[in-house]
Amino acid sequence: MTVSSYRLDTVAASLVSRMEAARPFYAHRPDALEPAFTDIATEEIDRVIAEHDEIMGEPGYGPRLRRELLQTFLPRYLVLARDHNALEEAGYRAWMKGHPVARVLSAVFSLLAGLAVVRLVHHPAALLAMAGVVVAPFVPELRRWWYRRSYAGLLQSLVDDLGRIQDGIDSGAKAPLDRDPALIPAPAPALAPAAGSPGESPRRTPEKEPPS
């Protein structure tokens, strides 16, 4: 059982915290994001591996940790980070990026729409349409909250996936890449066909039919 400090999901969560602090600085430089974050991940992984080998004295864990974090975690995180940076740059797709003029116009349009509903629908429930006047100016904040909440959920799912991989490793379920070819037993040599009676031609072993 891997110590919690060196589990894949623990190290991945630490990387997310560190990278998220730096992510906004690459909003205008998306091409520089991958090399910068690869350096951050490599530096953190080297530190964790050195600490693990020194404290635990169990060699062989480092290559697996490095592979899963650099080949499984990092590419997925980079996609999420680029997409969220693009959303932030677009003002979370709010009208005019939430400019004050857009907020005022939204409130005016909501008021006009609410008055039209109240005039056409003669029912007290129609007054609910006037709620849009209050909500409209804060739509940019609501969109930002929604997208950030969704982004946090995606990051948590990524970390959880690393936790499931770690559980599989701890339970002994290794991926084919983890198998050492030197430890795989060689196939047993084929037995020579039994000799027949004198003068009899050797029997041929019928070939298997290909699967239909």
# chains A, B, ... in the order shown; residues from 1 in each chain; ligands from 1
$ residues_around --residues "Leu127 of chain A" --least-positions-apart "5" --cutoff "12 Å" --atoms "only C-alpha atoms" --output "short mmCIF file (atom, residue, chain, number, x, y, z; two decimals) with N, CA, C and O atoms, in the first residue's frame"
data_model
loop_
_atom_site.label_atom_id
_atom_site.label_comp_id
_atom_site.auth_asym_id
_atom_site.auth_seq_id
_atom_site.Cartn_x
_atom_site.Cartn_y
_atom_site.Cartn_z
N LEU A 111 -36.66 44.71 -18.13
CA LEU A 111 -37.80 45.48 -17.65
C LEU A 111 -38.90 45.57 -18.70
O LEU A 111 -40.09 45.36 -18.42
N ALA A 113 -39.37 43.54 -21.23
CA ALA A 113 -39.95 42.21 -21.43
C ALA A 113 -40.90 41.86 -20.29
O ALA A 113 -41.98 41.30 -20.50
N GLY A 114 -40.52 42.21 -19.05
CA GLY A 114 -41.38 41.93 -17.91
C GLY A 114 -42.68 42.70 -17.99
O GLY A 114 -43.76 42.15 -17.69
N LEU A 115 -42.63 43.96 -18.39
CA LEU A 115 -43.85 44.77 -18.52
C LEU A 115 -44.77 44.20 -19.61
O LEU A 115 -46.00 44.19 -19.45
N ALA A 116 -44.16 43.71 -20.68
CA ALA A 116 -44.96 43.13 -21.76
C ALA A 116 -45.67 41.86 -21.28
O ALA A 116 -46.85 41.64 -21.60
N VAL A 117 -44.98 41.04 -20.51
CA VAL A 117 -45.60 39.82 -20.00
C VAL A 117 -46.73 40.15 -19.05
O VAL A 117 -47.81 39.55 -19.09
N VAL A 118 -46.50 41.13 -18.16
CA VAL A 118 -47.54 41.51 -17.21
C VAL A 118 -48.77 42.06 -17.94
O VAL A 118 -49.93 41.81 -17.54
N ARG A 119 -48.55 42.79 -19.02
CA ARG A 119 -49.66 43.37 -19.77
C ARG A 119 -50.45 42.29 -20.52
O ARG A 119 -51.68 42.36 -20.62
N LEU A 120 -49.72 41.29 -21.04
CA LEU A 120 -50.38 40.27 -21.84
C LEU A 120 -51.00 39.16 -20.99
O LEU A 120 -52.04 38.62 -21.34
N VAL A 121 -50.35 38.83 -19.89
CA VAL A 121 -50.81 37.74 -19.03
C VAL A 121 -51.40 38.35 -17.77
O VAL A 121 -50.67 38.85 -16.91
N HIS A 122 -52.69 38.30 -17.65
CA HIS A 122 -53.37 38.91 -16.50
C HIS A 122 -53.45 37.90 -15.36
O HIS A 122 -54.50 37.28 -15.10
N GLY A 132 -36.39 39.24 -13.72
CA GLY A 132 -35.26 39.37 -14.63
C GLY A 132 -34.58 40.71 -14.54
O GLY A 132 -33.38 40.83 -14.83
N VAL A 133 -35.31 41.74 -14.10
CA VAL A 133 -34.71 43.07 -13.95
C VAL A 133 -33.62 43.04 -12.88
O VAL A 133 -32.60 43.72 -12.99
#
$ closest_residue --among "A:Ala81, A:Val139, A:Ile40, A:Val11" --to "Arg23 of chain A" --atoms "only C-alpha atoms"
A:Ala81
$ residues_around --residues "Arg103 of chain A" --least-positions-apart "5" --cutoff "12 Å" --atoms "only C-alpha atoms" --output "PyMOL selection string"
chain A and resi 94-98+108-110+132-141
$ write_last_selection --atoms "C-alpha atoms" --output "compact mmCIF listing (two decimals), in the first residue's frame"
# COMPACT_ATOMS: atom_id res chain seq x y z
CA ALA A 94 -21.25 37.01 -21.37
CA TRP A 95 -22.65 39.76 -23.57
CA MET A 96 -19.91 42.35 -24.17
CA LYS A 97 -17.86 40.52 -21.52
CA GLY A 98 -20.03 42.01 -18.78
CA VAL A 108 -33.67 47.73 -19.50
CA PHE A 109 -34.52 44.90 -21.89
CA SER A 110 -35.57 42.71 -18.97
CA GLY A 132 -35.26 39.37 -14.63
CA VAL A 133 -34.71 43.07 -13.95
CA VAL A 134 -32.87 42.14 -10.76
CA VAL A 135 -30.99 39.16 -12.21
CA ALA A 136 -29.93 40.61 -15.57
CA PRO A 137 -27.12 42.91 -14.29
CA PHE A 138 -25.52 39.98 -12.48
CA VAL A 139 -25.59 37.48 -15.35
CA PRO A 140 -21.80 37.84 -15.96
CA GLU A 141 -21.10 36.92 -12.32
$ closest_residue --among "A:Ser17, A:Ser157, A:Ser171, A:Gln71" --to "Thr38 of chain A" --atoms "only C-alpha atoms"
A:Gln71
$ select_by_dssp --residues "segment 1-211 of chain A" --states "alpha helix (DSSP H)" --output "PyMOL selection string"
chain A and resi 8-22+30-56+61-67+74-89+100-120+131-135+139-170
$ closest_residue --among "A:Ala90, A:Ala125, A:Ala131, A:Val159" --to "Leu112 of chain A" --atoms "only C-alpha atoms"
A:Ala131
$ atom_distance --atom1 "atom CA of Asp167 of chain A" --atom2 "atom CA of Gly60 of chain A"
17.0 Å
$ closest_residue --among "A:Ser106, A:Thr10, A:Gln166, A:Asn85" --to "Tyr151 of chain A" --atoms "only C-alpha atoms"
A:Asn85
$ residues_around --residues "Ser4 of chain A" --least-positions-apart "2" --cutoff "12 Å" --atoms "only C-alpha atoms" --output "mmCIF file with all heavy atoms, in the first residue's frame"
data_model
loop_
_atom_site.group_PDB
_atom_site.id
_atom_site.type_symbol
_atom_site.label_atom_id
_atom_site.label_comp_id
_atom_site.auth_asym_id
_atom_site.auth_seq_id
_atom_site.Cartn_x
_atom_site.Cartn_y
_atom_site.Cartn_z
ATOM 1 N N MET A 1 0.844 -1.194 0.000
ATOM 2 C CA MET A 1 0.000 0.000 0.000
ATOM 3 C C MET A 1 0.883 1.250 0.000
ATOM 4 O O MET A 1 1.783 1.386 0.820
ATOM 5 C CB MET A 1 -0.900 -0.003 1.233
ATOM 6 C CG MET A 1 -1.891 1.150 1.270
ATOM 7 S SD MET A 1 -3.144 1.051 -0.023
ATOM 8 C CE MET A 1 -4.030 -0.415 0.506
ATOM 9 N N THR A 2 0.621 2.134 -0.943
ATOM 10 C CA THR A 2 1.418 3.347 -1.070
ATOM 11 C C THR A 2 1.033 4.349 0.016
ATOM 12 O O THR A 2 -0.154 4.551 0.302
ATOM 13 C CB THR A 2 1.203 3.982 -2.449
ATOM 14 O OG1 THR A 2 1.491 3.010 -3.460
ATOM 15 C CG2 THR A 2 2.106 5.186 -2.639
ATOM 16 N N TYR A 6 2.554 9.936 -1.232
ATOM 17 C CA TYR A 6 3.173 9.620 -2.508
ATOM 18 C C TYR A 6 2.191 8.974 -3.485
ATOM 19 O O TYR A 6 2.604 8.459 -4.519
ATOM 20 C CB TYR A 6 4.384 8.707 -2.289
ATOM 21 C CG TYR A 6 5.364 9.275 -1.297
ATOM 22 C CD1 TYR A 6 5.570 8.669 -0.060
ATOM 23 C CD2 TYR A 6 6.061 10.451 -1.573
ATOM 24 C CE1 TYR A 6 6.453 9.210 0.860
ATOM 25 C CE2 TYR A 6 6.940 10.992 -0.660
ATOM 26 C CZ TYR A 6 7.135 10.370 0.562
ATOM 27 O OH TYR A 6 8.005 10.907 1.478
ATOM 28 N N ARG A 7 0.914 8.986 -3.152
ATOM 29 C CA ARG A 7 -0.085 8.476 -4.077
ATOM 30 C C ARG A 7 -0.193 9.382 -5.308
ATOM 31 O O ARG A 7 0.084 10.581 -5.249
ATOM 32 C CB ARG A 7 -1.452 8.387 -3.381
ATOM 33 C CG ARG A 7 -1.593 7.223 -2.420
ATOM 34 C CD ARG A 7 -2.965 7.277 -1.758
ATOM 35 N NE ARG A 7 -4.044 7.306 -2.736
ATOM 36 C CZ ARG A 7 -4.643 6.234 -3.239
ATOM 37 N NH1 ARG A 7 -4.255 5.024 -2.842
ATOM 38 N NH2 ARG A 7 -5.623 6.344 -4.110
ATOM 39 N N LEU A 8 -0.608 8.793 -6.403
ATOM 40 C CA LEU A 8 -0.745 9.562 -7.639
ATOM 41 C C LEU A 8 -1.720 10.718 -7.483
ATOM 42 O O LEU A 8 -1.456 11.828 -7.945
ATOM 43 C CB LEU A 8 -1.207 8.640 -8.774
ATOM 44 C CG LEU A 8 -0.200 7.603 -9.279
ATOM 45 C CD1 LEU A 8 -0.881 6.645 -10.246
ATOM 46 C CD2 LEU A 8 0.976 8.288 -9.954
ATOM 47 N N ASP A 9 -2.862 10.460 -6.823
ATOM 48 C CA ASP A 9 -3.850 11.531 -6.696
ATOM 49 C C ASP A 9 -3.377 12.633 -5.769
ATOM 50 O O ASP A 9 -3.697 13.816 -5.982
ATOM 51 C CB ASP A 9 -5.193 10.965 -6.226
ATOM 52 C CG ASP A 9 -5.050 10.056 -5.021
ATOM 53 O OD1 ASP A 9 -3.928 9.609 -4.730
ATOM 54 O OD2 ASP A 9 -6.066 9.785 -4.354
ATOM 55 N N THR A 10 -2.596 12.288 -4.750
ATOM 56 C CA THR A 10 -2.065 13.314 -3.856
ATOM 57 C C THR A 10 -1.081 14.216 -4.584
ATOM 58 O O THR A 10 -1.134 15.452 -4.471
ATOM 59 C CB THR A 10 -1.381 12.662 -2.645
ATOM 60 O OG1 THR A 10 -2.314 11.825 -1.961
ATOM 61 C CG2 THR A 10 -0.863 13.715 -1.679
ATOM 62 N N VAL A 11 -0.184 13.610 -5.342
ATOM 63 C CA VAL A 11 0.794 14.398 -6.093
ATOM 64 C C VAL A 11 0.081 15.208 -7.183
ATOM 65 O O VAL A 11 0.431 16.372 -7.437
ATOM 66 C CB VAL A 11 1.872 13.489 -6.702
ATOM 67 C CG1 VAL A 11 2.902 14.313 -7.465
ATOM 68 C CG2 VAL A 11 2.573 12.676 -5.613
ATOM 69 N N ALA A 12 -0.935 14.619 -7.818
ATOM 70 C CA ALA A 12 -1.681 15.338 -8.855
ATOM 71 C C ALA A 12 -2.410 16.541 -8.266
ATOM 72 O O ALA A 12 -2.431 17.620 -8.876
ATOM 73 C CB ALA A 12 -2.681 14.394 -9.525
ATOM 74 N N ALA A 13 -3.005 16.380 -7.084
ATOM 75 C CA ALA A 13 -3.689 17.508 -6.439
ATOM 76 C C ALA A 13 -2.706 18.629 -6.117
ATOM 77 O O ALA A 13 -3.022 19.814 -6.258
ATOM 78 C CB ALA A 13 -4.395 17.030 -5.178
ATOM 79 N N HIS A 52 10.641 10.148 -1.786
ATOM 80 C CA HIS A 52 10.113 8.798 -1.593
ATOM 81 C C HIS A 52 11.232 7.780 -1.465
ATOM 82 O O HIS A 52 11.231 6.937 -0.557
ATOM 83 C CB HIS A 52 9.200 8.436 -2.771
ATOM 84 C CG HIS A 52 8.720 7.018 -2.750
ATOM 85 N ND1 HIS A 52 9.445 5.981 -3.302
ATOM 86 C CD2 HIS A 52 7.591 6.464 -2.232
ATOM 87 C CE1 HIS A 52 8.792 4.850 -3.138
ATOM 88 N NE2 HIS A 52 7.665 5.110 -2.493
ATOM 89 N N GLY A 163 -6.511 8.670 -8.602
ATOM 90 C CA GLY A 163 -6.714 7.857 -7.409
ATOM 91 C C GLY A 163 -7.126 6.439 -7.747
ATOM 92 O O GLY A 163 -6.675 5.476 -7.106
ATOM 93 N N GLN A 166 -4.125 4.591 -8.907
ATOM 94 C CA GLN A 166 -3.293 4.218 -7.764
ATOM 95 C C GLN A 166 -3.877 3.022 -7.026
ATOM 96 O O GLN A 166 -3.144 2.127 -6.600
ATOM 97 C CB GLN A 166 -3.184 5.412 -6.815
ATOM 98 C CG GLN A 166 -2.280 5.156 -5.610
ATOM 99 C CD GLN A 166 -0.834 4.993 -6.003
ATOM 100 O OE1 GLN A 166 -0.227 5.925 -6.489
ATOM 101 N NE2 GLN A 166 -0.285 3.811 -5.795
ATOM 102 N N ASP A 167 -5.201 2.994 -6.879
ATOM 103 C CA ASP A 167 -5.839 1.848 -6.216
ATOM 104 C C ASP A 167 -5.574 0.564 -6.994
ATOM 105 O O ASP A 167 -5.366 -0.499 -6.395
ATOM 106 C CB ASP A 167 -7.347 2.089 -6.078
ATOM 107 C CG ASP A 167 -7.675 3.213 -5.106
ATOM 108 O OD1 ASP A 167 -6.812 3.528 -4.260
ATOM 109 O OD2 ASP A 167 -8.782 3.775 -5.186
ATOM 110 N N ASP A 170 -2.011 -0.467 -6.261
ATOM 111 C CA ASP A 170 -1.878 -1.021 -4.917
ATOM 112 C C ASP A 170 -2.495 -2.410 -4.801
ATOM 113 O O ASP A 170 -2.052 -3.232 -3.991
ATOM 114 C CB ASP A 170 -2.525 -0.084 -3.894
ATOM 115 C CG ASP A 170 -1.737 1.203 -3.704
ATOM 116 O OD1 ASP A 170 -0.553 1.225 -4.074
ATOM 117 O OD2 ASP A 170 -2.313 2.185 -3.195
#
$ closest_residue --among "A:Val48, A:Leu70, A:Ala86, A:Leu142" --to "Ser14 of chain A" --atoms "only C-alpha atoms"
A:Val48
$ atom_distance --atom1 "atom CA of Asp161 of chain A" --atom2 "atom CA of Glu20 of chain A"
18.5 Å
$ atom_distance --atom1 "atom CA of Asp46 of chain A" --atom2 "atom CA of Glu34 of chain A"
18.0 Å
$ closest_residue --among "A:His123, A:Leu154, A:Leu105, A:Glu89" --to "Phe25 of chain A" --atoms "only C-alpha atoms"
A:Glu89
